[in-house]
2 protein chains.
Amino acid sequence: MTTWKRIDETTVWLSILAQPAQNLRDFLAPHRIAERTIAAGGSLSYSYAAMDVSDEAIDLLATASRELDLIGQYRDTVSGKTMNIGEKRMVLHHCARGTPCGPVVREGRDYRAFYEGERLRAATFADRVRTGEIVGSTGRRFERVVQIGIGGSDLGPRALYLALELWAREQGLLALEASFISNVDPDDANGILAKLDPETSLFILVSKSGTTLETLANEALVRSWLTRSGTVDAARHIVAVTSETSPLAGNPGYLDSFYIDDYIGGRYSATSAVGGVILSIALGPQTFTALLEGAAEADTLALEPEIRKNAALLDAMLGVYQRNVLGRPAVAVLPYSQALSRFPAHLQQLDMESNGKSVDRNGKPLPLPSGPVVFGEPGTNGQHSFYQLLHQGTDIVPLQFIGFRNNQSAFDPEYNGATSRRTLNANLAAQIVAFALGKDDADSNKRFYGGRPSTLLVADELNPRSLGALLAHYENKVMFQGFAWNINSFDQEGVQLGKKLTSTVLSASGPSDPALAAYAKLLGAL
Amino acid sequence: MTTWKRIDETTVWLSILAQPAQNLRDFLAPHRIAERTIAAGGSLSYSYAAMDVSDEAIDLLATASRELDLIGQYRDTVSGKTMNIGEKRMVLHHCARGTPCGPVVREGRDYRAFYEGERLRAATFADRVRTGEIVGSTGRRFERVVQIGIGGSDLGPRALYLALELWAREQGLLALEASFISNVDPDDANGILAKLDPETSLFILVSKSGTTLETLANEALVRSWLTRSGTVDAARHIVAVTSETSPLAGNPGYLDSFYIDDYIGGRYSATSAVGGVILSIALGPQTFTALLEGAAEADTLALEPEIRKNAALLDAMLGVYQRNVLGRPAVAVLPYSQALSRFPAHLQQLDMESNGKSVDRNGKPLPLPSGPVVFGEPGTNGQHSFYQLLHQGTDIVPLQFIGFRNNQSAFDPEYNGATSRRTLNANLAAQIVAFALGKDDADSNKRFYGGRPSTLLVADELNPRSLGALLAHYENKVMFQGFAWNINSFDQEGVQLGKKLTSTVLSASGPSDPALAAYAKLLGAL
């Protein structure tokens with residue numbers, strides 16, 4: 001078995017710990033903004049000029065990255081090594097969108113061919129729904145598509161759909177509007193269904209194992225809703241996305257089935273059939289293909305060994321510096337794009353579920369903090385909300401801005417001499433500088449300390465390609481951080497205990513733990 | 001001028017600091033769950049049995065509360081004392097929903113009568129829209145109502161609308177669906193407008209000052225959209241909610257105007273006309289009235305001097321203990337109710353904008369951390385996402401659960417022997433216990449340390465009354481924490497610098513700061 005090291009076990013760790021934060025008032029200069037803006041794939045640029053980190057510190061982080069062989073670990077990942085060690089699985093979400101290191105073949109299966117084959121099947125199916133060749137059981141065309149899934153089967157696909165809904169509408173590619181049912185709270189499904197017609201609704205049931213309690217409960221509710229009219233045949237209104245070994249696979253209760261496998265973790269599955277089926281149906285197969293191409297570009301870029309040319313690796317290591325050297329426990333993701341309204345929620349899952357761990361891959365307790373709290377909302381909205389704390393609070397929160405030079409929509413009349421787009425981006429530029437530089441004031445209540453570091457990912461437009469690269473950038477960032485902390489970013493043992501206790505509450509004998517029984521009673525669940 | 005103290009200046013502070021966290025494995029017992037569950041108004045109960053705080057620590061926090069006269073400061077607030085000291089304003093959001101301490105009269109105006117008068121005017125207007133007495137300029141009935149506002153004019157009203165949309169639908173009270181336009185990103189407005197018909201759309205423009213850049217830019221976009229068909233008279237499709245001194249007041253460009261004033265801060269304005277007009281139109285005036293009644297109940301309860309009978313005060317002081325004694329910098333808000341999907345975003349604003357401050361009311365730098373990072377998503381969704389970090393991450397995040405014993409919707413078929421509601425609440429009970437108690441395992445990767453504290457707010461149903469109480473509970477909690485830290489929770493000086501720098505980017509001469517110019521150029525905003 002390979003023995004991996006943690007970053008605090010590298011020869012340069014004590015030197016890294018000794019690197020002080022830079023004073024951004026002196027440090028943030030135009031020449032540095034030019035030097036510290038690099039390509040990130042899919043036409044994205046990554047700018048880290050407003051990070052309070054010295055060039056010396058970056059050099060040391062690069063040395064640590066080499067000692068830890070972060071690029072080698074990434075190569076191992078995309079080449080099909082068993083990187084999800086606890087669950088003894090390969091980690092192949094990159095493979096679903098390209099082959100950055102050549103084919104992955106195991107036990108006779110070529111995985112790239114498998115994922116690509118499912119993508120093509122979904123594309124064909126999607127085209128047939130979009131053209132009206134496949135219709136509902138009463139002969140009416142499908143008008144709405146609804147994903148039933150939770151966690152990775154919900155957050156990523158939802159964030160990507162919302163990111164491209166208006167873009168696709170403007171391009172004439174939006175054939176069916178999409179909705180999402182996730183929560184086992186029946187008010188979620190009922191709230192969505194109240195706006196739908198069973199005859200024109202197509203559902204996509206997504207559960208890799210085919211046993212996700214919430215998703216199956218929602219399926220039961222939806223089937224009951226579909227059939228209560230007496231006219232609709234539910235089996236012709238639901239497709240399944242699942243693994244080939246699940247009870248949902250090849251089941252005549254579904255119109256069709258599309259497959260993934262255990263080598264694509266839930267939170268990394270948006271570029272597999274989990275996201276692909278709904279995005280292809282709603283936005284067109286070519287939209288989904290372009291998204292995969294953008295992601296593959298970022299994946300290829302992440303192989304670059306020089307840290308200053310590898311945006312994902314650099315972003316990862318700057319995050320480690322913020323977390324472990326400067327002691328900052330949270331990160332805010334702030335997209336200046338309303339279409340990215342749910343992208344922070346997806347990143348919250350991606351990051352916190354991957355790296356919210358206390359044990360390294362050798363089974364040892366971590367002696368340093370790992371994954372931070374991740375949160376965020378679109379700007380400028382956040383400026384009128386939690387930015388107050390970010391500017392003047394007692395803690396420093398590193399910021400990750402995302403921006404685009406152009407709209408998705410064409411209609412943008414001027415107000416007060418500026419288009420809304422220009423106003424939006426003027427705000428973004430102003431915030432980066434305000435956070436970094438601050439402003440003194442004789443009235444201490446009006447004083448801005450500055451020294452709040454930020455990064456910026458920027459592209460011309462939020463489109464399938466830049467969105468794919470954006471998604472892959474963050475996936476790769478999180479992966480590199482996990483490697484640096486020597487944790488398994490690909491399992492989620494922390495979800496198990498709650499599941500077990502839930503099943504005891506719902507069992508015939510009820511929970512044996514008296515505290516659990518008392519809470520279940522208080523909540524009316526016994 | 002009154003001199004207020006900070007909690008670290010009380011005689012018991014050193015004793016409070018010495019209070020260790022309790023080991024929840026020993027501490028969480030059924031008798032304590034019963035003892036530590038108290039009324040919180042509007043049929044809500046507040047349970048703090050899973051908080052790792054001793055009775056001795058609570059006694060000391062109660063002593064500190066008395067020394068700081070937190071209840072007296074609250075009485076001063078609702079009685080019309082100038083509690084927003086920097087801006088020299090009264091703080092009258094409580095007054096908009098009741099008179100917990102009697103009338104507030106200043107310079108001849110009875111403020112309760114003023115707010116109540118505006119509520120009644122809005123109710124009458126809403127009824128006339130709902131019955132079709134007031135119609136659009138082409139004679140068609142209004143079918144959709146859209147709020148244009150940002151920050152407090154968006155997050156609170158949006159969270160409350162979403163919380164009651166399905167409830168109102170099931171009650172037959174949902175007359176018009178509501179939407180919200182907030183971001184200056186034109187893709188926000190265009191994404192909403194793409195689904196609307198100008199002839200049947202009614203807009204509510206909300207800006208207290210009448211000068212909010214984002215809101216006026218969105219108004220310009222909407223007016224242009226309304227009139228480009230050539231058939232619609234925009235002035236008959238927009239109402240204003242503003243202050244009497246704003247340029248929008250009594251302006252013939254609007255169908256009608258409803259008034260608030262500077263004594264109701266944006267993030268506290270959901271129970272004023274800012275929330276009242278849209279909620280009354282969409283959900284019915286009686287729905288809004290019931291929400292105010294629930295809020296007023298929680299406000300009255302918050303006058304209780306005994307900390308163990310005052311849920312808002314207790315919640316506030318337990319939060320201070322978590323933040324300042326146990327050193328926990330973030331709080332997660334976890335509603336087990338899909339209808340509360342945007343409630344955490346509202347609380348994030350409420351808390352972080354109110355208490356994200358570094359200077360006390362005497363102008364001194366705070367020697368201790370103030371407001372935490374607040375984030376959250378509905379359960380069970382979060383269980384499949386960031387809960388991994390909450391269970392097994394290296395930092396402890398105190399949790400605030402919210403639950404309801406019953407659905408808003410009636411349709412809830414059984415799956416696997418349980419309704420979805422029962423499954424939802426079994427999950428909630430299981431999570432509270434899993435976080436508190438943890439579970440040992442020989443495999444360190446599967447070990448749950450436990451000791452993760454949580455509170456629970458629970459009611460029979462999420463309806464206008466319990467929602468009003470829930471909102472007021474958090475407003476009052478945040479207020480008491482601000483008093484305890486001796487900060488002004490009612491201003492937001494931290495938003496000013498960004499506004500100023502934005503205006504220099506948009507000015508004819510451009511920004512003088514070279515870094516700002518470089519970023520503005522990178523973003524295409526020059």
# chains A, B, ... in the order shown; residues from 1 in each chain; ligands from 1
>>> residues_around(residues="stretch 335-349 of chain B", least_positions_apart="4", cutoff="7 Å", atoms="only C-alpha atoms", output="list in words")
Asn183, Asp185, Asp187, Asp188, Ser385 and Phe386 of chain A; Leu155, Gly156, Ala159, Leu162, Ala163, Arg267, Glu353, Val374, Phe375, Gly376, Glu377, Pro378, Gly379, Thr380, Phe401, Ile402 and Gly403 of chain B
>>> select_by_dssp(residues="stretch 218-308 of chain B", states="strand (DSSP E)", output="list in words")
Ile238, Val239, Ala240, Val241, Thr242, Ser243, Ser257, Phe258, Tyr259 and Ile260 of chain B
>>> atom_distance(atom1="atom CA of A:Phe411", atom2="atom CA of A:Trp167")
12.5 Å
>>> closest_residue(among="B:Leu92, B:Ile264, B:Val184, B:Leu318", to="chain A", atoms="only C-alpha atoms")
B:Val184
>>> closest_residue(among="A:Gln22, A:Ser512, A:Asn416, A:Thr287", to="A:Leu164", atoms="only C-alpha atoms")
A:Thr287
>>> residues_around(residues="A:Thr245", least_positions_apart="3", cutoff="12 Å", atoms="only C-alpha atoms", output="PyMOL selection string")
chain A and resi 207-211+241-242+248-251+257-262
